[in-house]
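**Student:** Just input_30.tsv, nothing more (TSV, C-alpha atoms):
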```tsv
chain	number	residue	atom	x	y	z
A	1266	MET	CA	84.95	-63.66	12.51
A	1267	CYS	CA	83.96	-65.58	15.61
A	1268	GLY	CA	84.53	-64.14	19.06
A	1269	ASN	CA	83.93	-60.58	20.21
A	1270	ASN	CA	86.60	-58.25	18.84
A	1271	MET	CA	85.29	-55.22	20.70
A	1272	SER	CA	86.79	-56.48	23.96
A	1273	VAL	CA	90.23	-56.33	22.28
A	1274	PRO	CA	90.65	-52.69	21.15
A	1275	LEU	CA	93.48	-53.33	18.65
A	1276	LEU	CA	91.50	-56.09	16.92
A	1277	ALA	CA	88.45	-53.96	16.18
A	1278	ASP	CA	90.06	-52.33	13.11
A	1279	ALA	CA	93.10	-54.58	12.55
A	1280	VAL	CA	93.79	-55.71	8.97
A	1281	THR	CA	93.28	-59.47	8.83
A	1282	VAL	CA	94.34	-61.67	5.92
A	1283	SER	CA	92.20	-64.77	6.36
A	1284	GLY	CA	93.33	-68.24	5.41
A	1285	ALA	CA	92.00	-69.84	2.22
A	1286	GLU	CA	91.22	-72.99	4.22
A	1287	ARG	CA	90.71	-73.89	7.89
A	1288	GLU	CA	92.98	-71.66	9.97
A	1289	THR	CA	95.23	-73.65	12.29
A	1290	ALA	CA	97.86	-71.00	12.98
A	1291	ALA	CA	98.27	-67.23	13.22
A	1292	VAL	CA	100.93	-64.59	12.56
A	1293	ILE	CA	100.47	-61.29	14.41
A	1294	PHE	CA	102.65	-58.64	12.75
A	1295	LEU	CA	103.28	-55.11	14.08
A	1296	HIS	CA	104.16	-52.21	11.77
A	1297	GLY	CA	106.78	-49.52	12.33
A	1298	LEU	CA	106.49	-45.90	13.50
A	1299	GLY	CA	104.11	-43.76	11.43
A	1300	ASP	CA	102.84	-46.70	9.39
A	1301	THR	CA	99.63	-48.77	9.50
A	1302	GLY	CA	98.85	-52.48	9.36
A	1303	HIS	CA	97.93	-52.24	5.67
A	1304	SER	CA	101.47	-52.20	4.27
A	1305	TRP	CA	102.50	-55.35	6.13
A	1306	ALA	CA	99.22	-57.12	5.38
A	1307	ASP	CA	100.09	-56.58	1.69
A	1308	ALA	CA	103.68	-57.78	2.16
A	1309	LEU	CA	102.58	-60.88	4.09
A	1310	SER	CA	99.89	-61.66	1.50
A	1311	SER	CA	102.70	-62.26	-0.99
A	1312	ILE	CA	104.18	-65.05	1.18
A	1313	ARG	CA	100.96	-66.33	2.79
A	1314	LEU	CA	100.24	-69.92	3.70
A	1315	PRO	CA	96.60	-71.02	3.13
A	1316	TYR	CA	96.04	-72.33	6.69
A	1317	VAL	CA	97.53	-69.28	8.45
A	1318	LYS	CA	95.64	-66.16	9.54
A	1319	TYR	CA	97.68	-62.93	9.42
A	1320	ILE	CA	96.67	-60.13	11.81
A	1321	CYS	CA	98.17	-56.66	11.31
A	1322	PRO	CA	96.84	-54.24	13.93
A	1323	HIS	CA	97.23	-50.45	13.69
A	1324	ALA	CA	99.13	-48.61	16.42
A	1325	PRO	CA	97.28	-45.84	18.27
A	1326	ARG	CA	98.11	-42.24	17.30
A	1327	ILE	CA	100.19	-40.54	20.00
A	1328	PRO	CA	102.66	-37.61	20.23
A	1329	VAL	CA	106.22	-38.89	19.59
A	1330	THR	CA	109.04	-37.10	21.42
A	1331	LEU	CA	111.63	-38.15	18.81
A	1332	ASN	CA	109.59	-36.38	16.09
A	1333	MET	CA	109.04	-33.08	17.92
A	1334	LYS	CA	105.89	-34.40	19.62
A	1335	MET	CA	104.08	-34.82	16.29
A	1336	VAL	CA	101.06	-37.11	16.58
A	1337	MET	CA	101.45	-40.30	14.54
A	1338	PRO	CA	100.82	-44.06	14.75
A	1339	SER	CA	103.23	-45.32	17.41
A	1340	TRP	CA	103.11	-48.34	19.73
A	1341	PHE	CA	104.82	-46.34	22.50
A	1342	ASP	CA	106.73	-43.06	22.79
A	1343	LEU	CA	110.26	-42.95	21.36
A	1344	ILE	CA	112.77	-40.60	22.94
A	1345	GLY	CA	115.88	-41.72	21.02
A	1346	LEU	CA	117.16	-44.58	18.87
A	1347	SER	CA	120.49	-45.42	20.50
A	1348	PRO	CA	121.06	-48.40	22.84
A	1349	ASP	CA	121.39	-46.05	25.85
A	1350	ALA	CA	118.51	-43.64	25.03
A	1351	PRO	CA	115.82	-43.20	27.72
A	1352	GLU	CA	112.74	-45.37	27.12
A	1353	ASP	CA	108.99	-45.09	27.65
A	1354	GLU	CA	108.79	-48.00	30.09
A	1355	ALA	CA	105.11	-47.54	31.01
A	1356	GLY	CA	104.12	-47.17	27.34
A	1357	ILE	CA	106.08	-50.27	26.28
A	1358	LYS	CA	104.51	-52.39	29.03
A	1359	LYS	CA	100.99	-51.14	28.23
A	1360	ALA	CA	101.50	-51.82	24.49
A	1361	ALA	CA	102.74	-55.35	25.28
A	1362	GLU	CA	99.57	-56.03	27.31
A	1363	ASN	CA	97.45	-54.93	24.33
A	1364	ILE	CA	99.30	-57.37	22.04
A	1365	LYS	CA	98.97	-60.17	24.62
A	1366	ALA	CA	95.19	-59.52	24.53
A	1367	ILE	CA	95.25	-60.32	20.77
A	1368	ILE	CA	97.16	-63.57	21.47
A	1369	GLU	CA	94.60	-64.55	24.12
A	1370	HIS	CA	91.72	-63.73	21.78
A	1371	GLU	CA	93.16	-66.08	19.14
A	1372	MET	CA	93.62	-68.77	21.80
A	1373	LYS	CA	89.95	-68.43	22.77
A	1374	ASN	CA	89.10	-68.91	19.08
A	1375	GLY	CA	90.94	-72.22	19.01
A	1376	ILE	CA	94.50	-71.41	17.88
A	1377	PRO	CA	96.96	-72.66	20.53
A	1378	PRO	CA	99.84	-70.32	21.45
A	1379	ASN	CA	102.43	-72.75	20.04
A	1380	ARG	CA	100.80	-72.11	16.63
A	1381	ILE	CA	101.18	-68.32	16.93
A	1382	ILE	CA	104.16	-66.31	15.65
A	1383	LEU	CA	104.58	-62.71	16.77
A	1384	GLY	CA	106.53	-60.41	14.47
A	1385	GLY	CA	107.14	-56.83	13.50
A	1386	PHE	CA	109.26	-54.24	11.76
A	1387	SER	CA	111.30	-51.52	13.50
A	1388	GLN	CA	109.29	-50.24	16.51
A	1389	GLY	CA	106.80	-53.08	15.86
A	1390	GLY	CA	109.62	-55.63	15.86
A	1391	ALA	CA	110.89	-54.18	19.12
A	1392	LEU	CA	107.43	-54.55	20.67
A	1393	SER	CA	107.09	-58.11	19.33
A	1394	LEU	CA	110.37	-59.11	21.01
A	1395	TYR	CA	109.40	-57.54	24.33
A	1396	THR	CA	105.86	-58.96	24.25
A	1397	ALA	CA	106.85	-62.52	23.32
A	1398	LEU	CA	109.68	-62.70	25.86
A	1399	THR	CA	107.42	-61.50	28.69
A	1400	CYS	CA	104.39	-63.57	27.62
A	1401	GLN	CA	103.13	-66.33	29.92
A	1402	HIS	CA	102.12	-68.47	26.94
A	1403	GLN	CA	104.60	-70.54	24.95
A	1404	LEU	CA	104.62	-69.10	21.43
A	1405	ALA	CA	105.96	-70.63	18.21
A	1406	GLY	CA	108.44	-67.91	17.31
A	1407	ILE	CA	109.34	-64.25	16.78
A	1408	VAL	CA	110.11	-62.39	13.52
A	1409	ALA	CA	112.12	-59.28	14.42
A	1410	LEU	CA	112.96	-57.04	11.44
A	1411	SER	CA	115.25	-53.97	11.66
A	1412	CYS	CA	114.72	-53.60	15.38
A	1413	TRP	CA	116.00	-53.76	18.94
A	1414	LEU	CA	114.98	-55.21	22.33
A	1415	PRO	CA	113.22	-52.55	24.42
A	1416	LEU	CA	114.12	-52.24	28.12
A	1417	HIS	CA	117.07	-54.56	27.38
A	1418	LYS	CA	118.63	-53.93	30.80
A	1419	ALA	CA	115.61	-55.66	32.40
A	1420	PHE	CA	116.51	-58.96	30.69
A	1421	PRO	CA	116.97	-61.87	31.18
A	1422	GLN	CA	115.15	-61.31	34.53
A	1423	ALA	CA	112.06	-59.85	32.79
A	1424	ALA	CA	111.58	-63.00	30.70
A	1425	ASN	CA	108.60	-64.40	32.64
A	1426	ASN	CA	110.20	-67.47	34.27
A	1427	GLY	CA	111.60	-68.47	30.91
A	1428	VAL	CA	108.30	-69.79	29.47
A	1429	ASN	CA	109.70	-68.83	26.05
A	1430	LYS	CA	113.30	-69.85	26.81
A	1431	ASP	CA	113.33	-72.11	23.73
A	1432	ILE	CA	111.48	-69.79	21.37
A	1433	ALA	CA	112.85	-69.50	17.83
A	1434	ILE	CA	113.80	-65.96	16.80
A	1435	LEU	CA	114.46	-64.76	13.25
A	1436	GLN	CA	116.12	-61.36	13.41
A	1437	CYS	CA	116.90	-59.56	10.13
A	1438	HIS	CA	118.58	-56.20	9.50
A	1439	GLY	CA	119.68	-54.10	6.52
A	1440	GLU	CA	123.43	-53.44	6.61
A	1441	MET	CA	122.97	-49.84	5.43
A	1442	ASP	CA	120.18	-48.97	7.91
A	1443	PRO	CA	120.62	-45.25	8.78
A	1444	MET	CA	117.85	-45.22	11.44
A	1445	ILE	CA	118.70	-48.28	13.53
A	1446	PRO	CA	122.31	-49.18	12.67
A	1447	VAL	CA	123.03	-52.85	12.02
A	1448	ARG	CA	125.46	-52.70	14.99
A	1449	PHE	CA	122.45	-52.12	17.27
A	1450	GLY	CA	120.81	-55.16	15.66
A	1451	ALA	CA	123.94	-57.23	16.35
A	1452	LEU	CA	124.02	-56.08	19.99
A	1453	THR	CA	120.35	-57.07	20.24
A	1454	ALA	CA	121.07	-60.54	18.82
A	1455	GLU	CA	123.83	-61.03	21.43
A	1456	LYS	CA	121.49	-59.90	24.21
A	1457	LEU	CA	118.76	-62.28	22.97
A	1458	LYS	CA	121.22	-65.17	23.24
A	1459	SER	CA	121.40	-64.50	26.99
A	1460	VAL	CA	117.59	-64.65	27.25
A	1461	VAL	CA	116.74	-67.68	25.09
A	1462	THR	CA	118.64	-70.78	23.97
A	1463	PRO	CA	121.45	-69.20	21.86
A	1464	THR	CA	121.12	-71.66	18.96
A	1465	LYS	CA	117.47	-70.55	18.53
A	1466	VAL	CA	118.51	-67.01	17.52
A	1467	GLN	CA	119.16	-66.43	13.80
A	1468	PHE	CA	120.57	-63.01	12.85
A	1469	LYS	CA	120.59	-62.33	9.10
A	1470	THR	CA	121.90	-59.14	7.53
A	1471	TYR	CA	121.33	-57.85	4.01
A	1472	PRO	CA	124.00	-55.83	2.15
A	1473	GLY	CA	122.87	-52.53	0.65
A	1474	VAL	CA	119.48	-52.61	2.41
A	1475	MET	CA	118.50	-49.52	4.40
A	1476	HIS	CA	115.65	-49.22	6.95
A	1477	SER	CA	113.33	-51.45	4.95
A	1478	SER	CA	112.68	-55.01	3.91
A	1479	CYS	CA	113.83	-56.77	0.72
A	1480	PRO	CA	112.69	-59.85	-1.28
A	1481	GLN	CA	115.44	-62.08	0.16
A	1482	GLU	CA	114.40	-61.12	3.68
A	1483	MET	CA	110.74	-61.86	2.91
A	1484	MET	CA	111.75	-65.31	1.63
A	1485	ALA	CA	113.63	-65.93	4.89
A	1486	VAL	CA	110.49	-64.90	6.79
A	1487	LYS	CA	108.37	-67.25	4.68
A	1488	GLU	CA	110.73	-70.20	5.31
A	1489	PHE	CA	110.81	-69.45	9.04
A	1490	ILE	CA	106.98	-69.38	9.23
A	1491	GLU	CA	106.64	-72.58	7.16
A	1492	LYS	CA	109.13	-74.40	9.37
A	1493	LEU	CA	107.54	-73.34	12.68
A	1494	LEU	CA	103.90	-73.51	11.56
A	1495	PRO	CA	103.69	-76.62	9.37
A	1496	ARG	CA	100.35	-77.77	8.03
A	1497	ILE	CA	98.54	-80.01	10.55
```
Would you mind writing the file's structure down as structure tokens?
**Tutor:**
Amino acid sequence: MCGNNMSVPLLADAVTVSGAERETAAVIFLHGLGDTGHSWADALSSIRLPYVKYICPHAPRIPVTLNMKMVMPSWFDLIGLSPDAPEDEAGIKKAAENIKAIIEHEMKNGIPPNRIILGGFSQGGALSLYTALTCQHQLAGIVALSCWLPLHKAFPQAANNGVNKDIAILQCHGEMDPMIPVRFGALTAEKLKSVVTPTKVQFKTYPGVMHSSCPQEMMAVKEFIEKLLPRI
């Protein structure tokens, strides 16, 4: 690893799946509530491209209001999971800054932002949407699985002068999701179309899938990454 990871707290112990050849692109993927980067590093390894570096950081452990203040890995506090639930605005913004620090670290190591995809599942997908849309660097795309757009009422104004107005977004959702209903995913997709070029938003749903991923979804993710991060 070149560069000093210690200046980027989340990178110090992040799970990194290195490329088998010269790395010319990166995927930063954020796990869901209570999880770690390991599970998604494994999932992404199964669809990896040899010139792409996959970075799966671990969320800090904090008390989560939604789970009776139990301490668990969480990118920010969650108070509720409905579109009108109160949100941890300060925590979301601080988490987004920490993810932007990873993006800037990769840029310093020679990967341009237009060769970086930010993605995540559930709470991690929510953070990836918020971070990418408020980022001052033009990124390649966003993979948003089983999630929502945090602080949605702040958009489109919060989208930093529209630097990522043309960003490609792949949003996927299980139709039987009991945690974050697919209707919330559909509302999110509609909201995203008011923030970025509407034709750039793909919303795919998967029958019978609950709050998880599935092989068809992972293939869609692989195709999306291959299309946006071709070999150079």
**Student:** Need the shell around stretch 1453-1468 of chain A: protein/DNA/RNA residues with any atom at most 9 Å away, counting only C-alpha atoms. Skip same-chain ones fewer than 4 positions apart. Format as JSON, numbers by chain?
**Tutor:** {"A": [1398, 1412, 1413, 1414, 1417, 1420, 1421, 1422, 1424, 1427, 1429, 1430, 1431, 1432, 1433, 1434, 1435, 1436, 1437, 1438, 1448, 1449]}
**Student:** Atom CA of A:Gly1390 to atom CA of A:Ser1411: how many Å, to one decimal?
**Tutor:** 7.2 Å
**Student:** Residues within 6 Å of stretch 1281-1296 of chain A, please, as a PyMOL selection string. Count all atoms listed in the file; anything in the same chain fewer than 6 positions from it doesn't count.
**Tutor:** chain A and resi 1302+1315-1321+1376+1380-1386+1389
**Student:** Could you give me, as JSON, numbers by chain, the residues within 8 Å of A:Glu1440, counting only C-alpha atoms and dropping anything in the same chain fewer than 3 positions from it?
**Tutor:** {"A": [1446, 1447, 1470, 1471, 1472, 1473, 1474, 1475]}
**Student:** Provide the atom CA of A:Ala1277 to atom CA of A:Gly1406 distance in Å, to one decimal place.
**Tutor:** 24.4 Å
**Student:** Smallest atom-to-atom distance to A:Pro1351: which of A:His1476, A:Lys1418, A:Arg1313, A:Lys1365, using all atoms listed in the file?
**Tutor:**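 Nearest to A:Pro1351: A:Lys1418.
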**Student:** Kindly output stretch 1430-1441 of chain A as a compact mmCIF listing (two decimals), keeping the file's coordinate frame, after building all heavy atoms.
**Tutor:**
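The resulting file, result_16.txt, is shown below:
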```
# COMPACT_ATOMS: atom_id res chain seq x y z
N LYS A 1430 111.84 -69.69 26.82
CA LYS A 1430 113.30 -69.85 26.81
C LYS A 1430 113.78 -70.53 25.53
O LYS A 1430 114.89 -70.31 25.07
CB LYS A 1430 113.69 -70.70 28.04
CG LYS A 1430 115.17 -70.93 28.20
CD LYS A 1430 115.75 -70.03 29.29
CE LYS A 1430 117.23 -70.21 29.50
NZ LYS A 1430 118.07 -69.46 28.57
N ASP A 1431 112.93 -71.37 24.94
CA ASP A 1431 113.33 -72.11 23.73
C ASP A 1431 112.68 -71.57 22.47
O ASP A 1431 112.64 -72.24 21.45
CB ASP A 1431 112.96 -73.60 23.88
CG ASP A 1431 113.96 -74.32 24.77
OD1 ASP A 1431 115.16 -73.99 24.69
OD2 ASP A 1431 113.54 -75.18 25.55
N ILE A 1432 112.17 -70.35 22.54
CA ILE A 1432 111.48 -69.79 21.37
C ILE A 1432 112.47 -69.53 20.24
O ILE A 1432 113.63 -69.16 20.47
CB ILE A 1432 110.72 -68.50 21.75
CG1 ILE A 1432 109.68 -68.15 20.68
CG2 ILE A 1432 111.67 -67.32 22.00
CD1 ILE A 1432 108.66 -67.12 21.12
N ALA A 1433 112.01 -69.77 19.01
CA ALA A 1433 112.85 -69.50 17.83
C ALA A 1433 112.70 -68.03 17.45
O ALA A 1433 111.58 -67.50 17.43
CB ALA A 1433 112.41 -70.39 16.68
N ILE A 1434 113.82 -67.38 17.18
CA ILE A 1434 113.80 -65.96 16.80
C ILE A 1434 114.52 -65.77 15.47
O ILE A 1434 115.68 -66.18 15.32
CB ILE A 1434 114.47 -65.07 17.87
CG1 ILE A 1434 113.78 -65.25 19.24
CG2 ILE A 1434 114.47 -63.60 17.44
CD1 ILE A 1434 114.44 -64.48 20.38
N LEU A 1435 113.82 -65.17 14.50
CA LEU A 1435 114.46 -64.76 13.25
C LEU A 1435 114.61 -63.25 13.30
O LEU A 1435 113.62 -62.52 13.31
CB LEU A 1435 113.61 -65.15 12.04
CG LEU A 1435 114.13 -64.61 10.69
CD1 LEU A 1435 115.49 -65.20 10.33
CD2 LEU A 1435 113.13 -64.86 9.57
N GLN A 1436 115.86 -62.80 13.37
CA GLN A 1436 116.12 -61.36 13.41
C GLN A 1436 116.85 -60.99 12.11
O GLN A 1436 117.83 -61.61 11.73
CB GLN A 1436 117.01 -61.06 14.63
CG GLN A 1436 117.00 -59.61 15.04
CD GLN A 1436 118.10 -59.30 16.04
OE1 GLN A 1436 118.60 -60.19 16.72
NE2 GLN A 1436 118.50 -58.05 16.11
N CYS A 1437 116.32 -59.98 11.41
CA CYS A 1437 116.90 -59.56 10.13
C CYS A 1437 117.17 -58.06 10.18
O CYS A 1437 116.43 -57.30 10.82
CB CYS A 1437 115.94 -59.84 8.97
SG CYS A 1437 115.48 -61.57 8.79
N HIS A 1438 118.21 -57.62 9.45
CA HIS A 1438 118.58 -56.20 9.50
C HIS A 1438 119.30 -55.80 8.21
O HIS A 1438 120.14 -56.55 7.72
CB HIS A 1438 119.53 -55.97 10.69
CG HIS A 1438 119.31 -54.67 11.39
ND1 HIS A 1438 118.73 -54.57 12.64
CD2 HIS A 1438 119.60 -53.40 11.02
CE1 HIS A 1438 118.67 -53.29 13.01
NE2 HIS A 1438 119.20 -52.56 12.04
N GLY A 1439 118.96 -54.64 7.68
CA GLY A 1439 119.68 -54.10 6.52
C GLY A 1439 121.03 -53.54 6.96
O GLY A 1439 121.11 -52.81 7.95
N GLU A 1440 122.08 -53.87 6.22
CA GLU A 1440 123.43 -53.44 6.61
C GLU A 1440 123.66 -51.94 6.45
O GLU A 1440 124.57 -51.38 7.05
CB GLU A 1440 124.48 -54.25 5.83
CG GLU A 1440 124.51 -55.71 6.27
CD GLU A 1440 125.54 -56.55 5.52
OE1 GLU A 1440 126.40 -55.97 4.80
OE2 GLU A 1440 125.49 -57.78 5.67
N MET A 1441 122.80 -51.29 5.64
CA MET A 1441 122.97 -49.84 5.43
C MET A 1441 121.88 -49.04 6.16
O MET A 1441 121.61 -47.90 5.80
CB MET A 1441 122.89 -49.52 3.93
CG MET A 1441 123.92 -50.24 3.08
SD MET A 1441 125.58 -49.65 3.40
CE MET A 1441 125.51 -48.07 2.56
```
